[in-house]
Amino acid sequence: MATPALISSLPDLQVFLSQIPPSSTLYLDLEGKNLCRHGTLTLLTILVLPTRATSIVDVQTLGDSAFTTPGPDGKTLKTILEDPHTSKCLWDVRNDADALWAHHKIRLAGVTDIQLLENGSRPGGKTYLFGLDRCIEKDLSLRWEEKQPWARTKQEVRALMNMPNSDIFSRRPLDAKTLQYCVNDVVYLPALHNLYTKRINKYGSGWLEKAMVESARRVTEACGPGYVPQSEDKKFGPWRSRVDPDYDFFF
């Protein structure tokens with residue numbers, strides 16, 4: 001996989017903003033220690049289509065200026081993230097939206113939650129939500145040489161994350177494996193987005209509309225005062241079936 005661009009200076013940020021075409025789709029993932037209102041937000045990974053360029057914005061280093069610094073056209077990362085006409089795609093937007101709002105007063109708009117596309121388009125039971133790892137493993141026809149390094153990096157970095165007092169996303173300089181972990185969380189989102197959009201359209205446009213409405217509702221909920229980032233209820237999908245197989249693959 002190509003090495004991502006690490007954006008940790010304002011000039012680099014301005015160049016990055018200038019390279020986002022007006023009709024882009026942005027695939028996003030955020031990282032931090034206990035990412036939510038109660039934790040930190042240190043990194044923002046952005047894959048831009050159609051260019052497929054992947055950049056990692058060092059929010060820890062840049063602070064609020066990561067979001068408020070304008071590019072050549074006057075747009076900031078905040079205005080882009082809040083623009084309902086710029087498509088943003090994430091896998092389970094809830095804690096990402098919570099962290100952006102709590103720490104930087106940014107309310108995401110124009111969001112497609114790909115996890116909801118999967119849940120809404122899934123044949124059979126929809127009670128439980130599935131995690132990104134499971135869906136990449138089961139739904140994408142990846143070659144071994146693609147899948148194995150992806151899985152190995154995930155496992156190794158997660159092992160580091162689970163060590164006592166570990167906060168790998170705040171270490172500077174960032175380790176190359178940590179950067180690759182960030183890329184891993186967005187690199188296959190476009191393929192999953194395409195796959196589940198085609199699948200959900202087989203059910204008719206009503207299901208796609210339901211997924212989009214629920215995506216927006218998730219953002220609203222996550223920005224509200226009563227949101228519980230680690231709630232047990234988050235494992236359930238919004239369209240629960242009365243009869244469902246016994247799945248063990250959520251989160």
# chains A, B, ... in the order shown; residues from 1 in each chain; ligands from 1
$ closest_atom_pairs --of "region 68-109 of chain A" --to "region 3-27 of chain A" --cutoff "10 Å" --atoms "only C-alpha atoms" --output "Markdown table"
| residue | atom | partner | partner_atom | distance |
| --- | --- | --- | --- | --- |
| A:Thr69 | CA | A:Leu10 | CA | 7.3 |
| A:Pro70 | CA | A:Gln14 | CA | 6.8 |
| A:Gly71 | CA | A:Gln14 | CA | 4.7 |
| A:Pro72 | CA | A:Ser18 | CA | 6.2 |
| A:Asp73 | CA | A:Ser18 | CA | 7.5 |
| A:Gly74 | CA | A:Leu17 | CA | 9.5 |
| A:Lys75 | CA | A:Leu17 | CA | 7.7 |
| A:Thr76 | CA | A:Leu17 | CA | 7.4 |
| A:Leu77 | CA | A:Leu17 | CA | 7.3 |
| A:Ile80 | CA | A:Leu17 | CA | 9.3 |
| A:Leu81 | CA | A:Leu26 | CA | 9.1 |
| A:His85 | CA | A:Ser23 | CA | 8.6 |
| A:Thr86 | CA | A:Thr25 | CA | 6.6 |
| A:Ser87 | CA | A:Thr25 | CA | 4.9 |
| A:Lys88 | CA | A:Leu26 | CA | 4.8 |
| A:Cys89 | CA | A:Tyr27 | CA | 4.8 |
| A:Leu90 | CA | A:Tyr27 | CA | 6.0 |
| A:Trp91 | CA | A:Tyr27 | CA | 9.0 |
$ write_last_selection --atoms "C-alpha atoms" --output "PDB file, in the first residue's frame"
ATOM      1  CA  THR A  69      -7.000  27.137   8.450  1.00  0.00           C
ATOM      2  CA  PRO A  70      -8.353  28.119   5.003  1.00  0.00           C
ATOM      3  CA  GLY A  71      -7.112  26.760   1.721  1.00  0.00           C
ATOM      4  CA  PRO A  72      -6.644  28.848  -1.448  1.00  0.00           C
ATOM      5  CA  ASP A  73     -10.411  28.944  -2.088  1.00  0.00           C
ATOM      6  CA  GLY A  74     -11.184  30.010   1.489  1.00  0.00           C
ATOM      7  CA  LYS A  75     -12.592  26.645   2.528  1.00  0.00           C
ATOM      8  CA  THR A  76     -11.416  25.081   5.756  1.00  0.00           C
ATOM      9  CA  LEU A  77     -11.503  21.445   6.781  1.00  0.00           C
ATOM     10  CA  ILE A  80     -15.796  20.797   4.178  1.00  0.00           C
ATOM     11  CA  LEU A  81     -16.763  18.398   6.960  1.00  0.00           C
ATOM     12  CA  HIS A  85     -23.111  18.687  -0.427  1.00  0.00           C
ATOM     13  CA  THR A  86     -19.674  17.092   0.081  1.00  0.00           C
ATOM     14  CA  SER A  87     -20.111  13.361   0.582  1.00  0.00           C
ATOM     15  CA  LYS A  88     -18.414  11.881   3.651  1.00  0.00           C
ATOM     16  CA  CYS A  89     -18.357   8.112   4.160  1.00  0.00           C
ATOM     17  CA  LEU A  90     -17.413   6.394   7.422  1.00  0.00           C
ATOM     18  CA  TRP A  91     -17.778   3.013   9.070  1.00  0.00           C
TER      19      TRP A  91
END
$ residues_around --residues "Thr127 (chain A)" --least-positions-apart "2" --cutoff "6 Å" --atoms "only C-alpha atoms" --output "list in words"
Gly125, Phe236, Gly237, Arg240 and Ser241 of chain A
$ closest_atom_pairs --of "region 79-122 of chain A" --to "region 28-42 of chain A" --cutoff "9 Å" --atoms "only C-alpha atoms" --output "CSV"
residue,atom,partner,partner_atom,distance
A:Lys88,CA,A:Leu28,CA,6.9
A:Cys89,CA,A:Leu28,CA,6.2
A:Leu90,CA,A:Leu28,CA,5.4
A:Trp91,CA,A:Asp29,CA,7.7
A:Val93,CA,A:Asp29,CA,8.6
A:Arg94,CA,A:Cys36,CA,8.7
A:Asn95,CA,A:Cys36,CA,5.2
A:Asp96,CA,A:Leu30,CA,6.0
A:Ala97,CA,A:Cys36,CA,8.1
A:Asp98,CA,A:Cys36,CA,5.5
A:Ala99,CA,A:Cys36,CA,4.4
A:Leu100,CA,A:Leu41,CA,7.6
A:Trp101,CA,A:Arg37,CA,8.0
A:Ala102,CA,A:Arg37,CA,5.2
A:His103,CA,A:Arg37,CA,6.9
$ write_last_selection --atoms "N, CA, C and O atoms" --output "mmCIF file, in the first residue's frame"
data_model
loop_
_atom_site.group_PDB
_atom_site.id
_atom_site.type_symbol
_atom_site.label_atom_id
_atom_site.label_comp_id
_atom_site.auth_asym_id
_atom_site.auth_seq_id
_atom_site.Cartn_x
_atom_site.Cartn_y
_atom_site.Cartn_z
ATOM 1 N N LYS A 88 -19.346 12.485 2.711
ATOM 2 C CA LYS A 88 -18.414 11.881 3.651
ATOM 3 C C LYS A 88 -18.887 10.477 3.992
ATOM 4 O O LYS A 88 -20.055 10.292 4.331
ATOM 5 N N CYS A 89 -18.001 9.500 3.884
ATOM 6 C CA CYS A 89 -18.357 8.112 4.160
ATOM 7 C C CYS A 89 -17.480 7.578 5.285
ATOM 8 O O CYS A 89 -16.249 7.735 5.257
ATOM 9 N N LEU A 90 -18.117 6.957 6.281
ATOM 10 C CA LEU A 90 -17.413 6.394 7.422
ATOM 11 C C LEU A 90 -18.004 5.032 7.748
ATOM 12 O O LEU A 90 -19.109 4.712 7.330
ATOM 13 N N TRP A 91 -17.248 4.261 8.531
ATOM 14 C CA TRP A 91 -17.778 3.013 9.070
ATOM 15 C C TRP A 91 -18.105 3.247 10.535
ATOM 16 O O TRP A 91 -17.224 3.415 11.356
ATOM 17 N N VAL A 93 -20.216 5.996 12.213
ATOM 18 C CA VAL A 93 -19.873 7.409 12.385
ATOM 19 C C VAL A 93 -19.982 7.874 13.832
ATOM 20 O O VAL A 93 -19.469 8.934 14.180
ATOM 21 N N ARG A 94 -20.602 7.120 14.713
ATOM 22 C CA ARG A 94 -21.064 7.654 15.984
ATOM 23 C C ARG A 94 -19.967 8.238 16.871
ATOM 24 O O ARG A 94 -20.043 9.425 17.245
ATOM 25 N N ASN A 95 -18.948 7.482 17.216
ATOM 26 C CA ASN A 95 -17.921 8.038 18.098
ATOM 27 C C ASN A 95 -17.048 9.072 17.387
ATOM 28 O O ASN A 95 -16.522 9.987 18.019
ATOM 29 N N ASP A 96 -16.901 8.941 16.071
ATOM 30 C CA ASP A 96 -16.169 9.950 15.299
ATOM 31 C C ASP A 96 -16.897 11.288 15.375
ATOM 32 O O ASP A 96 -16.282 12.331 15.621
ATOM 33 N N ALA A 97 -18.206 11.244 15.141
ATOM 34 C CA ALA A 97 -19.011 12.466 15.210
ATOM 35 C C ALA A 97 -19.005 13.046 16.618
ATOM 36 O O ALA A 97 -18.941 14.268 16.802
ATOM 37 N N ASP A 98 -19.083 12.181 17.603
ATOM 38 C CA ASP A 98 -19.050 12.606 19.006
ATOM 39 C C ASP A 98 -17.753 13.348 19.310
ATOM 40 O O ASP A 98 -17.762 14.443 19.897
ATOM 41 N N ALA A 99 -16.615 12.778 18.908
ATOM 42 C CA ALA A 99 -15.317 13.390 19.191
ATOM 43 C C ALA A 99 -15.146 14.717 18.458
ATOM 44 O O ALA A 99 -14.642 15.691 19.028
ATOM 45 N N LEU A 100 -15.554 14.770 17.195
ATOM 46 C CA LEU A 100 -15.426 16.019 16.436
ATOM 47 C C LEU A 100 -16.242 17.142 17.067
ATOM 48 O O LEU A 100 -15.784 18.286 17.163
ATOM 49 N N TRP A 101 -17.451 16.813 17.509
ATOM 50 C CA TRP A 101 -18.302 17.830 18.114
ATOM 51 C C TRP A 101 -17.791 18.238 19.500
ATOM 52 O O TRP A 101 -17.711 19.423 19.817
ATOM 53 N N ALA A 102 -17.437 17.257 20.308
ATOM 54 C CA ALA A 102 -17.029 17.547 21.683
ATOM 55 C C ALA A 102 -15.728 18.331 21.751
ATOM 56 O O ALA A 102 -15.584 19.240 22.583
ATOM 57 N N HIS A 103 -14.783 18.001 20.882
ATOM 58 C CA HIS A 103 -13.453 18.595 20.984
ATOM 59 C C HIS A 103 -13.228 19.785 20.056
ATOM 60 O O HIS A 103 -12.367 20.627 20.336
#
$ atom_distance --atom1 "CA of Thr112 (chain A)" --atom2 "CA of His193 (chain A)"
8.9 Å
$ residues_around --residues "region 145-151 of chain A" --least-positions-apart "4" --cutoff "10 Å" --atoms "only C-alpha atoms" --output "ChimeraX atom specification"
/A:1,133,136-137,140-141,155-156,180-181,183-185,187
$ select_by_dssp --residues "region 17-190 of chain A" --states "strand (DSSP E or B)" --output "list in words"
Thr25, Leu26, Tyr27, Leu28, Asp29, Leu30, Glu31, Leu43, Leu44, Thr45, Ile46, Leu47, Val48, Leu49, Ala53, Thr54, Ser55, Ile56, Val57, Asp58, Ser87, Lys88, Cys89, Leu90, Val111, Thr112, Asp113 and Tyr128 of chain A
$ closest_residue --among "A:Ile114, A:Lys105, A:Asp175, A:Asp92" --to "Gly224 (chain A)" --atoms "only C-alpha atoms"
A:Lys105
$ residues_around --residues "Ala211 (chain A)" --least-positions-apart "3" --cutoff "6 Å" --atoms "only C-alpha atoms" --output "number ranges by chain"
A: 116-117, 208, 214
$ atom_distance --atom1 "CA of Leu189 (chain A)" --atom2 "CA of Thr45 (chain A)"
12.1 Å
